[in-house]
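To be precise, the following lines are model.csv, and they hold CSV, C-alpha atoms.
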```csv
chain,number,residue,atom,x,y,z
A,1,MET,CA,-19.2,17.6,-24.0
A,2,LEU,CA,-16.1,16.2,-22.2
A,3,ALA,CA,-13.7,18.7,-20.6
A,4,LEU,CA,-11.1,16.7,-22.5
A,5,ASN,CA,-12.7,18.2,-25.7
A,6,GLY,CA,-13.1,21.7,-24.3
A,7,GLY,CA,-16.4,21.3,-22.6
A,8,PRO,CA,-17.2,22.4,-19.0
A,9,LYS,CA,-15.7,20.5,-16.1
A,10,VAL,CA,-17.8,18.6,-13.6
A,11,ARG,CA,-15.7,20.1,-10.8
A,12,THR,CA,-13.8,23.4,-10.8
A,13,HIS,CA,-12.7,23.5,-7.1
A,14,PRO,CA,-10.1,21.3,-5.4
A,15,PHE,CA,-10.7,18.3,-3.2
A,16,PRO,CA,-9.5,18.5,0.4
A,17,ARG,CA,-5.7,19.0,0.6
A,18,TRP,CA,-3.4,16.2,1.6
A,19,PRO,CA,-1.8,16.0,4.1
A,20,GLU,CA,-4.0,17.8,6.6
A,21,TYR,CA,-2.0,19.8,9.0
A,22,ASP,CA,-2.1,22.9,11.3
A,23,GLU,CA,-0.2,24.4,14.2
A,24,THR,CA,-0.1,21.0,15.8
A,25,GLU,CA,2.6,19.9,13.3
A,26,ASN,CA,4.5,23.1,13.8
A,27,LEU,CA,4.6,22.5,17.6
A,28,ALA,CA,5.7,18.9,17.2
A,29,LEU,CA,8.6,19.9,14.9
A,30,ALA,CA,9.6,22.6,17.4
A,31,ARG,CA,9.5,20.1,20.2
A,32,ALA,CA,11.8,17.8,18.3
A,33,LEU,CA,14.2,20.6,17.3
A,34,GLN,CA,14.4,21.9,20.9
A,35,GLN,CA,15.5,18.5,22.2
A,36,GLY,CA,18.9,19.2,20.7
A,37,GLU,CA,19.0,15.5,19.5
A,38,TRP,CA,17.7,15.1,15.9
A,39,GLY,CA,18.6,11.4,15.5
A,40,ARG,CA,16.9,8.6,17.4
A,41,HIS,CA,20.0,8.1,19.7
A,42,GLY,CA,19.3,10.4,22.6
A,43,GLY,CA,16.0,11.7,21.3
A,44,LYS,CA,12.5,10.8,22.5
A,45,GLU,CA,10.2,11.1,19.5
A,46,VAL,CA,11.1,7.9,17.6
A,47,GLN,CA,10.7,5.8,20.8
A,48,ALA,CA,7.3,7.5,21.5
A,49,PHE,CA,6.1,7.0,18.0
A,50,GLU,CA,7.1,3.3,18.1
A,51,ARG,CA,5.1,2.8,21.3
A,52,GLU,CA,2.0,4.6,19.8
A,53,PHE,CA,2.2,2.8,16.5
A,54,ALA,CA,2.5,-0.6,18.2
A,55,GLU,CA,-0.6,0.1,20.2
A,56,PHE,CA,-2.4,1.4,17.1
A,57,GLY,CA,-1.6,-1.9,15.2
A,58,GLN,CA,-2.1,-4.2,18.2
A,59,ALA,CA,1.5,-5.4,18.0
A,60,PRO,CA,3.9,-6.3,20.8
A,61,ALA,CA,6.5,-3.9,19.3
A,62,ALA,CA,7.1,-1.5,16.4
A,63,LEU,CA,10.2,-0.2,14.7
A,64,ALA,CA,10.3,3.0,12.8
A,65,VAL,CA,12.6,3.1,9.7
A,66,THR,CA,13.4,5.3,6.8
A,67,ASN,CA,10.7,4.2,4.3
A,68,GLY,CA,8.4,1.4,3.3
A,69,SER,CA,10.8,-0.1,0.8
A,70,HIS,CA,13.5,-0.4,3.6
A,71,ALA,CA,10.8,-1.8,5.9
A,72,LEU,CA,10.3,-4.7,3.4
A,73,GLU,CA,14.0,-5.2,2.9
A,74,LEU,CA,14.6,-5.3,6.7
A,75,ALA,CA,11.7,-7.8,7.1
A,76,LEU,CA,13.3,-10.0,4.4
A,77,GLU,CA,16.6,-9.8,6.2
A,78,LEU,CA,15.0,-10.9,9.4
A,79,ALA,CA,13.5,-13.8,7.5
A,80,GLY,CA,17.0,-14.8,6.4
A,81,ILE,CA,16.3,-14.4,2.7
A,82,GLU,CA,19.5,-15.1,0.8
A,83,PRO,CA,20.5,-15.0,-2.9
A,84,GLY,CA,18.6,-17.5,-4.9
A,85,ASP,CA,15.8,-17.9,-2.3
A,86,GLU,CA,12.3,-17.6,-3.8
A,87,VAL,CA,9.6,-15.3,-2.3
A,88,ILE,CA,6.0,-15.5,-3.5
A,89,VAL,CA,4.4,-12.1,-4.2
A,90,PRO,CA,1.1,-11.0,-5.8
A,91,ALA,CA,1.4,-10.1,-9.5
A,92,TYR,CA,-0.7,-7.1,-8.9
A,93,THR,CA,1.1,-4.7,-6.5
A,94,PHE,CA,3.3,-1.7,-6.4
A,95,VAL,CA,6.7,-2.8,-7.7
A,96,ALA,CA,8.5,-2.2,-4.4
A,97,THR,CA,7.1,-5.6,-3.2
A,98,SER,CA,9.2,-7.2,-5.9
A,99,THR,CA,12.3,-5.0,-5.9
A,100,ALA,CA,12.7,-5.5,-2.1
A,101,VAL,CA,13.1,-9.2,-2.8
A,102,GLN,CA,15.5,-8.6,-5.7
A,103,ARG,CA,17.7,-6.2,-3.6
A,104,ARG,CA,18.2,-9.1,-1.1
A,105,GLY,CA,19.3,-11.3,-4.1
A,106,GLY,CA,16.0,-13.3,-3.9
A,107,VAL,CA,13.7,-14.3,-6.7
A,108,PRO,CA,10.2,-12.8,-6.6
A,109,VAL,CA,7.6,-15.4,-7.9
A,110,PRO,CA,4.4,-13.6,-8.9
A,111,VAL,CA,1.1,-15.3,-8.4
A,112,ASP,CA,-2.4,-14.2,-9.4
A,113,VAL,CA,-4.8,-12.2,-7.2
A,114,THR,CA,-8.5,-12.9,-6.5
A,115,PRO,CA,-11.0,-11.4,-9.0
A,116,ASP,CA,-12.9,-9.5,-6.2
A,117,THR,CA,-10.4,-8.2,-3.6
A,118,PHE,CA,-7.4,-7.9,-5.9
A,119,CYS,CA,-5.3,-9.4,-3.1
A,120,LEU,CA,-3.0,-12.5,-3.4
A,121,ASP,CA,-5.0,-15.6,-4.1
A,122,PRO,CA,-4.2,-18.4,-1.6
A,123,ALA,CA,-5.4,-21.0,-4.2
A,124,ALA,CA,-2.4,-20.0,-6.4
A,125,LEU,CA,0.3,-20.8,-3.8
A,126,ASP,CA,0.8,-24.5,-4.2
A,127,ALA,CA,1.5,-24.2,-7.9
A,128,ALA,CA,4.1,-21.5,-7.3
A,129,ALA,CA,6.0,-23.1,-4.5
A,130,THR,CA,9.2,-25.0,-4.9
A,131,ASP,CA,11.8,-26.4,-2.5
A,132,ARG,CA,13.5,-22.9,-2.7
A,133,THR,CA,10.4,-21.0,-1.4
A,134,ARG,CA,11.3,-19.2,1.8
A,135,ALA,CA,8.7,-16.5,2.2
A,136,VAL,CA,5.3,-15.2,0.9
A,137,ILE,CA,4.3,-11.5,0.9
A,138,PRO,CA,0.6,-10.9,1.0
A,139,VAL,CA,-0.1,-7.3,0.0
A,140,HIS,CA,-3.1,-5.6,1.6
A,141,ILE,CA,-3.9,-3.7,-1.6
A,142,GLY,CA,-5.9,-0.5,-1.3
A,143,GLY,CA,-6.2,-1.1,2.4
A,144,HIS,CA,-8.1,-4.5,2.0
A,145,VAL,CA,-6.5,-7.3,4.0
A,146,ALA,CA,-5.5,-10.4,2.1
A,147,ASP,CA,-6.9,-13.7,3.2
A,148,MET,CA,-4.6,-14.1,6.2
A,149,ASP,CA,-6.3,-17.2,7.5
A,150,ALA,CA,-5.5,-19.2,4.4
A,151,ILE,CA,-2.1,-17.7,3.7
A,152,THR,CA,-0.9,-18.1,7.3
A,153,ALA,CA,-2.1,-21.7,7.5
A,154,TRP,CA,-0.4,-22.5,4.1
A,155,ALA,CA,2.9,-21.0,5.2
A,156,ALA,CA,2.9,-22.6,8.6
A,157,ALA,CA,2.4,-26.1,7.1
A,158,ARG,CA,5.5,-25.6,4.9
A,159,GLY,CA,7.8,-23.6,7.2
A,160,VAL,CA,7.5,-20.5,5.0
A,161,THR,CA,7.7,-17.0,6.5
A,162,VAL,CA,4.8,-14.6,6.1
A,163,ILE,CA,5.6,-10.9,5.6
A,164,GLN,CA,2.7,-8.6,5.3
A,165,ASP,CA,3.1,-5.6,2.9
A,166,ALA,CA,0.7,-3.2,4.6
A,167,ALA,CA,2.0,0.0,2.9
A,168,GLN,CA,-1.6,0.8,2.0
A,169,ALA,CA,-3.3,-0.7,5.0
A,170,HIS,CA,-2.7,1.5,8.1
A,171,GLY,CA,-5.4,0.7,10.7
A,172,ALA,CA,-6.8,-2.2,8.8
A,173,THR,CA,-8.1,-5.2,10.8
A,174,TRP,CA,-8.8,-8.9,10.1
A,175,ARG,CA,-11.5,-10.5,12.1
A,176,GLY,CA,-11.3,-7.5,14.5
A,177,LYS,CA,-7.6,-7.9,15.0
A,178,GLY,CA,-4.9,-5.3,14.1
A,179,LEU,CA,-2.3,-6.4,11.6
A,180,GLY,CA,0.3,-6.6,14.3
A,181,ALA,CA,-1.8,-9.3,16.1
A,182,LEU,CA,-1.7,-11.8,13.3
A,183,GLY,CA,1.6,-13.4,14.2
A,184,SER,CA,3.7,-12.1,11.4
A,185,ILE,CA,5.8,-9.0,10.6
A,186,ALA,CA,3.8,-6.2,8.9
A,187,THR,CA,5.5,-3.4,7.0
A,188,PHE,CA,4.3,0.1,6.4
A,189,SER,CA,5.1,3.2,4.4
A,190,PHE,CA,4.5,6.8,5.4
A,191,GLN,CA,5.3,8.2,1.9
A,192,SER,CA,3.4,11.4,0.8
A,193,THR,CA,0.3,9.7,-0.5
A,194,LYS,CA,-0.3,7.3,2.5
A,195,VAL,CA,-3.1,7.8,5.0
A,196,ILE,CA,-0.4,8.4,7.7
A,197,THR,CA,2.5,10.4,6.3
A,198,ALA,CA,5.5,12.5,7.1
A,199,GLY,CA,6.5,12.8,3.4
A,200,GLU,CA,8.7,9.7,3.8
A,201,GLY,CA,9.2,7.0,6.5
A,202,GLY,CA,8.3,3.5,7.3
A,203,ALA,CA,7.7,1.0,10.1
A,204,LEU,CA,7.5,-2.6,11.0
A,205,LEU,CA,5.0,-4.2,13.4
A,206,LEU,CA,6.8,-7.1,15.1
A,207,PRO,CA,5.3,-10.2,16.7
A,208,ASP,CA,7.6,-10.3,19.8
A,209,ASP,CA,10.2,-8.4,21.7
A,210,ASP,CA,13.1,-10.7,20.6
A,211,ILE,CA,12.4,-10.0,16.9
A,212,TYR,CA,12.2,-6.3,17.7
A,213,GLU,CA,15.7,-6.4,19.3
A,214,ASN,CA,17.1,-8.3,16.3
A,215,ALA,CA,15.4,-5.7,14.0
A,216,TRP,CA,16.7,-2.8,16.1
A,217,VAL,CA,20.3,-4.1,15.7
A,218,ARG,CA,19.9,-4.6,12.0
A,219,HIS,CA,18.4,-1.1,11.4
A,220,ASN,CA,21.3,0.4,13.4
A,221,CYS,CA,24.1,-0.6,11.0
A,222,GLY,CA,24.2,-4.0,12.6
A,223,ARG,CA,25.3,-2.5,15.9
A,224,THR,CA,24.0,-3.5,19.3
A,225,ARG,CA,22.9,-1.0,21.9
A,226,GLU,CA,26.4,-1.4,23.4
A,227,LEU,CA,27.9,-0.4,20.0
A,228,ARG,CA,29.2,-3.9,19.2
A,229,LEU,CA,29.1,-4.7,15.5
A,230,ALA,CA,27.1,-7.9,15.7
A,231,THR,CA,26.1,-8.4,12.0
A,232,ALA,CA,26.3,-7.0,8.5
A,233,SER,CA,23.4,-4.7,7.9
A,234,SER,CA,22.6,-1.1,7.0
A,235,ASN,CA,21.3,2.2,8.4
A,236,PHE,CA,17.5,2.3,8.3
A,237,ARG,CA,17.2,4.8,11.2
A,238,VAL,CA,14.5,7.5,11.0
A,239,SER,CA,15.0,11.0,12.3
A,240,GLU,CA,13.4,12.6,15.3
A,241,LEU,CA,11.7,15.2,13.1
A,242,THR,CA,10.0,12.6,11.0
A,243,ALA,CA,8.8,10.8,14.1
A,244,ALA,CA,7.4,14.0,15.6
A,245,LEU,CA,5.4,14.6,12.4
A,246,LEU,CA,4.2,10.9,12.4
A,247,ARG,CA,2.9,11.2,15.9
A,248,THR,CA,0.7,14.1,15.0
A,249,GLN,CA,-0.5,12.4,11.9
A,250,LEU,CA,-1.2,9.2,13.8
A,251,ALA,CA,-3.4,11.2,16.2
A,252,ARG,CA,-5.5,12.5,13.3
A,253,PHE,CA,-6.1,9.0,11.8
A,254,ALA,CA,-9.3,8.1,13.7
A,255,ASP,CA,-11.2,11.2,12.7
A,256,GLN,CA,-9.9,11.0,9.1
A,257,ASN,CA,-10.8,7.4,8.7
A,258,ALA,CA,-14.3,7.9,10.1
A,259,ARG,CA,-14.8,10.5,7.3
A,260,ARG,CA,-13.3,8.3,4.7
A,261,ALA,CA,-15.5,5.3,5.8
A,262,ALA,CA,-18.7,7.4,5.5
A,263,ARG,CA,-17.8,8.8,2.1
A,264,SER,CA,-16.6,5.5,0.8
A,265,THR,CA,-19.9,3.9,1.4
A,266,GLU,CA,-21.6,6.7,-0.5
A,267,LEU,CA,-19.2,6.6,-3.3
A,268,ALA,CA,-19.4,2.8,-3.7
A,269,ALA,CA,-23.2,3.0,-3.9
A,270,ALA,CA,-23.1,5.7,-6.5
A,271,LEU,CA,-20.4,4.0,-8.6
A,272,GLY,CA,-22.3,0.7,-8.3
A,273,GLU,CA,-25.2,2.3,-10.3
A,274,ILE,CA,-22.9,3.0,-13.3
A,275,PRO,CA,-22.9,0.2,-16.0
A,276,GLY,CA,-19.5,-1.1,-17.1
A,277,ILE,CA,-17.4,-0.9,-14.0
A,278,ARG,CA,-16.6,-3.4,-11.3
A,279,LEU,CA,-15.5,-2.1,-7.8
A,280,GLN,CA,-12.9,-3.8,-5.6
A,281,GLY,CA,-14.8,-6.3,-3.4
A,282,ARG,CA,-14.4,-6.8,0.3
A,283,ASP,CA,-14.1,-10.0,2.3
A,284,PRO,CA,-16.3,-9.7,5.4
A,285,ARG,CA,-13.4,-10.9,7.5
A,286,CYS,CA,-11.7,-7.6,6.7
A,287,THR,CA,-13.4,-5.8,9.4
A,288,SER,CA,-11.9,-2.3,8.8
A,289,THR,CA,-9.8,-0.6,6.1
A,290,PRO,CA,-8.4,2.9,5.7
A,291,HIS,CA,-9.9,3.2,2.2
A,292,TYR,CA,-6.5,4.1,0.7
A,293,MET,CA,-7.8,3.8,-2.9
A,294,THR,CA,-11.2,3.4,-4.5
A,295,THR,CA,-10.4,1.0,-7.3
A,296,PHE,CA,-12.8,0.1,-10.2
A,297,VAL,CA,-12.1,-2.0,-13.3
A,298,LEU,CA,-13.5,-1.3,-16.7
A,299,ASP,CA,-15.6,-4.3,-17.7
A,300,GLN,CA,-14.4,-5.2,-21.2
A,301,ASP,CA,-17.5,-7.1,-22.0
A,302,GLU,CA,-19.6,-3.9,-21.6
A,303,LEU,CA,-16.9,-1.3,-22.4
A,304,GLY,CA,-14.8,-3.2,-24.9
A,305,GLY,CA,-12.4,-0.8,-26.7
A,306,LEU,CA,-12.5,1.9,-24.0
A,307,ASP,CA,-8.9,2.7,-23.2
A,308,ARG,CA,-8.2,2.9,-19.4
A,309,ASP,CA,-5.5,5.6,-19.7
A,310,THR,CA,-7.9,7.8,-21.7
A,311,VAL,CA,-10.5,7.3,-19.0
A,312,ALA,CA,-8.1,8.4,-16.3
A,313,LEU,CA,-7.0,11.4,-18.3
A,314,ALA,CA,-10.6,12.4,-19.1
A,315,LEU,CA,-11.4,12.2,-15.3
A,316,LEU,CA,-8.5,14.4,-14.5
A,317,MET,CA,-9.7,16.9,-17.0
A,318,GLU,CA,-13.1,16.9,-15.3
A,319,GLY,CA,-11.4,17.9,-12.1
A,320,ILE,CA,-11.3,14.4,-10.5
A,321,PRO,CA,-8.1,12.9,-9.1
A,322,ALA,CA,-7.8,9.6,-11.1
A,323,PHE,CA,-4.9,7.4,-12.1
A,324,GLY,CA,-4.3,4.1,-13.9
A,325,SER,CA,-3.8,1.2,-11.5
A,326,HIS,CA,-0.4,-0.5,-10.8
A,327,GLN,CA,0.9,-2.5,-13.8
A,328,PRO,CA,1.3,-6.2,-13.1
A,329,LEU,CA,4.8,-6.9,-12.0
A,330,HIS,CA,5.7,-8.8,-15.2
A,331,ARG,CA,4.7,-5.8,-17.2
A,332,THR,CA,7.4,-3.6,-15.6
A,333,ASP,CA,11.1,-3.4,-16.6
A,334,ALA,CA,12.1,-3.4,-13.0
A,335,PHE,CA,10.8,-7.0,-12.5
A,336,TRP,CA,13.1,-8.3,-15.2
A,337,THR,CA,16.2,-6.7,-13.6
A,338,GLY,CA,18.1,-9.6,-12.0
A,339,ALA,CA,17.1,-13.3,-11.6
A,340,THR,CA,13.6,-14.3,-12.5
A,341,GLY,CA,13.9,-18.0,-12.7
A,342,GLY,CA,13.7,-18.1,-16.5
A,343,ILE,CA,9.9,-17.4,-16.6
A,344,ARG,CA,8.6,-15.6,-19.7
A,345,PRO,CA,6.3,-12.6,-19.6
A,346,GLU,CA,3.7,-14.5,-21.7
A,347,GLU,CA,3.7,-17.4,-19.2
A,348,LEU,CA,3.1,-15.0,-16.3
A,349,ALA,CA,0.3,-13.3,-18.1
A,350,GLU,CA,-1.4,-16.6,-18.7
A,351,ARG,CA,-0.9,-17.6,-15.0
A,352,CYS,CA,-2.2,-14.3,-13.7
A,353,PRO,CA,-5.4,-13.3,-15.7
A,354,ASN,CA,-6.9,-11.3,-12.7
A,355,ALA,CA,-3.7,-9.3,-12.2
A,356,GLU,CA,-3.7,-8.6,-16.0
A,357,ARG,CA,-7.3,-7.4,-15.9
A,358,VAL,CA,-6.9,-5.1,-12.9
A,359,GLY,CA,-3.5,-3.8,-14.1
A,360,ARG,CA,-4.6,-3.1,-17.6
A,361,HIS,CA,-8.2,-1.8,-16.9
A,362,GLY,CA,-8.2,-0.5,-13.3
A,363,VAL,CA,-8.7,3.1,-12.3
A,364,LEU,CA,-7.7,4.5,-8.9
A,365,ILE,CA,-9.3,7.4,-7.0
A,366,PRO,CA,-7.1,8.4,-4.0
A,367,HIS,CA,-8.3,8.7,-0.5
A,368,GLN,CA,-8.3,12.5,-0.2
A,369,ALA,CA,-11.4,12.4,-2.4
A,370,LEU,CA,-13.2,10.8,0.6
A,371,LEU,CA,-12.2,13.5,3.2
A,372,GLY,CA,-14.7,16.1,2.2
A,373,THR,CA,-18.5,16.3,1.7
A,374,ARG,CA,-21.2,14.2,0.0
A,375,GLN,CA,-21.0,16.6,-2.9
A,376,ASP,CA,-17.4,15.6,-3.4
A,377,VAL,CA,-18.2,11.9,-4.0
A,378,ASP,CA,-21.3,12.9,-6.0
A,379,ASP,CA,-18.9,14.8,-8.3
A,380,VAL,CA,-16.7,11.8,-8.7
A,381,ALA,CA,-19.6,9.6,-9.7
A,382,THR,CA,-21.0,12.2,-12.0
A,383,ALA,CA,-17.7,12.5,-13.8
A,384,VAL,CA,-17.2,8.8,-14.1
A,385,ALA,CA,-20.7,8.4,-15.6
A,386,LYS,CA,-20.1,11.3,-18.0
A,387,VAL,CA,-16.7,10.0,-19.2
A,388,LEU,CA,-17.9,6.4,-19.8
A,389,ALA,CA,-20.9,7.6,-21.6
A,390,GLU,CA,-19.1,10.1,-23.9
A,391,LEU,CA,-15.8,8.5,-24.7
A,392,PRO,CA,-15.7,6.4,-27.9
A,393,ARG,CA,-15.7,2.7,-27.3
A,394,ASP,CA,-13.6,1.7,-30.4
A,395,GLY,CA,-10.2,2.9,-29.1
A,396,THR,CA,-10.1,6.0,-31.3
A,397,PRO,CA,-9.1,9.4,-29.7
A,398,PRO,CA,-12.1,11.4,-28.6
A,399,THR,CA,-13.1,14.4,-30.8
A,400,ALA,CA,-15.1,17.5,-30.1
```
Before anything else, please render the file you have as structure tokens.
Amino acid sequence: MLALNGGPKVRTHPFPRWPEYDETENLALARALQQGEWGRHGGKEVQAFEREFAEFGQAPAALAVTNGSHALELALELAGIEPGDEVIVPAYTFVATSTAVQRRGGVPVPVDVTPDTFCLDPAALDAAATDRTRAVIPVHIGGHVADMDAITAWAAARGVTVIQDAAQAHGATWRGKGLGALGSIATFSFQSTKVITAGEGGALLLPDDDIYENAWVRHNCGRTRELRLATASSNFRVSELTAALLRTQLARFADQNARRAARSTELAAALGEIPGIRLQGRDPRCTSTPHYMTTFVLDQDELGGLDRDTVALALLMEGIPAFGSHQPLHRTDAFWTGATGGIRPEELAERCPNAERVGRHGVLIPHQALLGTRQDVDDVATAVAKVLAELPRDGTPPTA
């Protein structure tokens, strides 16, 4: 019997806590406090983190900022996005990809994702582009890198700026290269759920020192290092305390990711044996990923009538962290706030069938489920198999 109906849970003890921390974080915070300078001006922690994160991402430079949404907004500012400019985004992504464009006055233009990787489909770009297209934002969803070869080539041929949304892709590589080595800005989030976190925070990997200096001025209220007000911008500066935490968490990444990689292989194999689900695929050119989310989609041909939200709830009741996937952008109220170019929701749904499928039928298992033992991932697979076998397929609520 399902735990949802009062039966025994598959799992009664918690998965590994997130974030992982110990006395190292206490010492780092004390070090930042004892500087006597808690903002980046005069402190050492932010500058040190930027150097370390740039090396981590194989970028010429990195800039730490307040959060991932601000990182995207600043990248769009650097790209010169103005009101009315169009920016192509994947229809399947967290809504911040779209709202960052809207907050610049731009028009987000959703395109479909590929049916296997769930990342932006390069084949959809031509149909979405107009003479107002100024940028494209590939999102490395779940840690999987979008097809940067095709997207970069397409953008270069049309004079369009590429901005990578790497909020879920810390440490990911494409053809063995870090995201900072791909010739475009990459933006990151350090929010609580991310694989590197300080609770909040963000960063940009920047392709050269000139762009870094421009970004530095803009994240500093538009003021140069000589305190001259050079441009209209905002305050995206991060604190020394946040940077100190991020340095310790960055140092933990290699060990954590090795554990996630091992458990992810095991979990994928176990889930692959369960009828009716389709796991996110992987392009072999994506040579490493942080395994931010394990995503599987309920196959409606085999599981027709099985409600995704009920599946996620049933898994939670079995003791498994599970959530419904991101809604397609055109299914959120936030997307329709502001200019949308007159496109109708039904039209976007027709254009983006893969985003519709993942957004409506996808289930997410967060990365902390991969930080423990083989038994942990076996429990996940056992619970998924149990829930899919016992939930009614006709959409009616389960009964004891």
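If you measure from each of A:Val95, A:Ile88, A:Ala381, A:Ile81 to Thr337 in chain A using all atoms listed in the file, the closest one turns out to be A:Val95.
Note that the spacing between CA of His361 in chain A and CA of Pro122 in chain A amounts to 22.9 Å.
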task = Counting all atoms listed in the file, find the residues whose atoms lie at most 9 Å from (14.7, -0.6, 0.6) (file coordinates) and write them out as JSON, numbers by chain.
result = {"A": [66, 67, 68, 69, 70, 71, 72, 73, 74, 96, 99, 100, 103, 236]}
What are the nearest atom pairs, with distances in Å to one decimal, for all residues of range 89-166 of chain A that come at most 12 Å from range 276-283 of chain A, using all atoms listed in the file, set out by chain and rising residue number as JSON lines?
```
{"residue": "A:Val113", "atom": "CA", "partner": "A:Gln280", "partner_atom": "CA", "distance": 11.8}
{"residue": "A:Thr114", "atom": "CA", "partner": "A:Gly281", "partner_atom": "CA", "distance": 9.6}
{"residue": "A:Pro115", "atom": "CA", "partner": "A:Gly281", "partner_atom": "CA", "distance": 8.5}
{"residue": "A:Asp116", "atom": "CA", "partner": "A:Gly281", "partner_atom": "CA", "distance": 4.7}
{"residue": "A:Thr117", "atom": "CA", "partner": "A:Gly281", "partner_atom": "CA", "distance": 4.8}
{"residue": "A:Phe118", "atom": "CA", "partner": "A:Gln280", "partner_atom": "CA", "distance": 6.9}
{"residue": "A:Cys119", "atom": "CA", "partner": "A:Gln280", "partner_atom": "CA", "distance": 9.8}
{"residue": "A:His140", "atom": "CA", "partner": "A:Arg282", "partner_atom": "CA", "distance": 11.4}
{"residue": "A:Ile141", "atom": "CA", "partner": "A:Gln280", "partner_atom": "CA", "distance": 9.8}
{"residue": "A:Gly142", "atom": "CA", "partner": "A:Gln280", "partner_atom": "CA", "distance": 8.9}
{"residue": "A:Gly143", "atom": "CA", "partner": "A:Arg282", "partner_atom": "CA", "distance": 10.2}
{"residue": "A:His144", "atom": "CA", "partner": "A:Arg282", "partner_atom": "CA", "distance": 6.9}
{"residue": "A:Val145", "atom": "CA", "partner": "A:Asp283", "partner_atom": "CA", "distance": 8.2}
{"residue": "A:Ala146", "atom": "CA", "partner": "A:Asp283", "partner_atom": "CA", "distance": 8.6}
{"residue": "A:Asp147", "atom": "CA", "partner": "A:Asp283", "partner_atom": "CA", "distance": 8.1}
{"residue": "A:Met148", "atom": "CA", "partner": "A:Asp283", "partner_atom": "CA", "distance": 11.1}
{"residue": "A:Asp149", "atom": "CA", "partner": "A:Asp283", "partner_atom": "CA", "distance": 11.8}
```
query = How many Å lie between CA of Ile211 in chain A and CA of Leu78 in chain A, rounded to one decimal?
reply = 8.0 Å
request  = Find the residues near Ser192 in chain A: any atom within 12 Å, counting all atoms listed in the file, skip ones fewer than 2 places away on the same chain, and give them as an MDAnalysis selection string.
outcome  = chainID A and resid 17:20 67:68 167:168 189:190 194:202 246 249 366 368
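The interatomic distance for the pair CA of Glu86 in chain A and CA of Val111 in chain A works out to 12.3 Å.
Proximity to Leu298 in chain A was assessed for A:His367, A:Arg393, A:His330, A:Arg51 counting all atoms listed in the file; the smallest distance is recorded for A:Arg393.
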message = Given all atoms listed in the file as the basis, pick out the residue of A:Glu318, A:Ala334, A:Asp379, A:Leu267 nearest to Gly7 in chain A.
response = A:Glu318
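Among A:His291, A:Lys9, A:Arg374, A:His326, the residue with the shortest atom-to-atom distance to Ala355 in chain A, counting all atoms listed in the file, is A:His326.
For the choices A:Arg132, A:Arg175, A:Lys386, A:Arg11, the atom-to-atom distance to Pro284 in chain A is smallest for A:Arg175 when using all atoms listed in the file.
Taking all atoms listed in the file into account, the polymer residues that have an atom no farther than 8 Å from (-5.3, 4.2, -5.2) are Gly142, Tyr292, Met293, Thr294, Thr295, Phe323, Ser325, Val363, Leu364, Ile365, Pro366 and His367 of chain A.
Counting only C-alpha atoms and comparing A:Gly159, A:Gly84, A:Gly319, A:Pro392, the residue that lies closest to Gly105 in chain A is A:Gly84.
Residues lying within 9 Å of Val89 in chain A, counting only C-alpha atoms and ignoring same-chain neighbours fewer than 5 positions away, are Thr97, Ser98, Pro108, Val109, Pro110, Val111, Asp112, Leu120, Ala135, Val136, Ile137, Pro138 and Val139 of chain A.
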ask   = Near Ala383 in chain A, within 12 Å and counting all atoms listed in the file, which residues show up once chain neighbours fewer than 5 positions away are dropped, as JSON, numbers by chain?
value = {"A": [1, 2, 3, 4, 8, 9, 10, 11, 12, 270, 271, 274, 311, 312, 313, 314, 315, 316, 317, 318, 319, 320, 321, 322, 365, 376, 377, 378, 388, 389, 390, 391]}
ask   = Skipping near chain neighbours, those fewer than 2 positions away, what residues fall within 8 Å of Arg263 in chain A using all atoms listed in the file, listed as an MDAnalysis selection string?
value = chainID A and resid 259:261 265:267 370:374 377
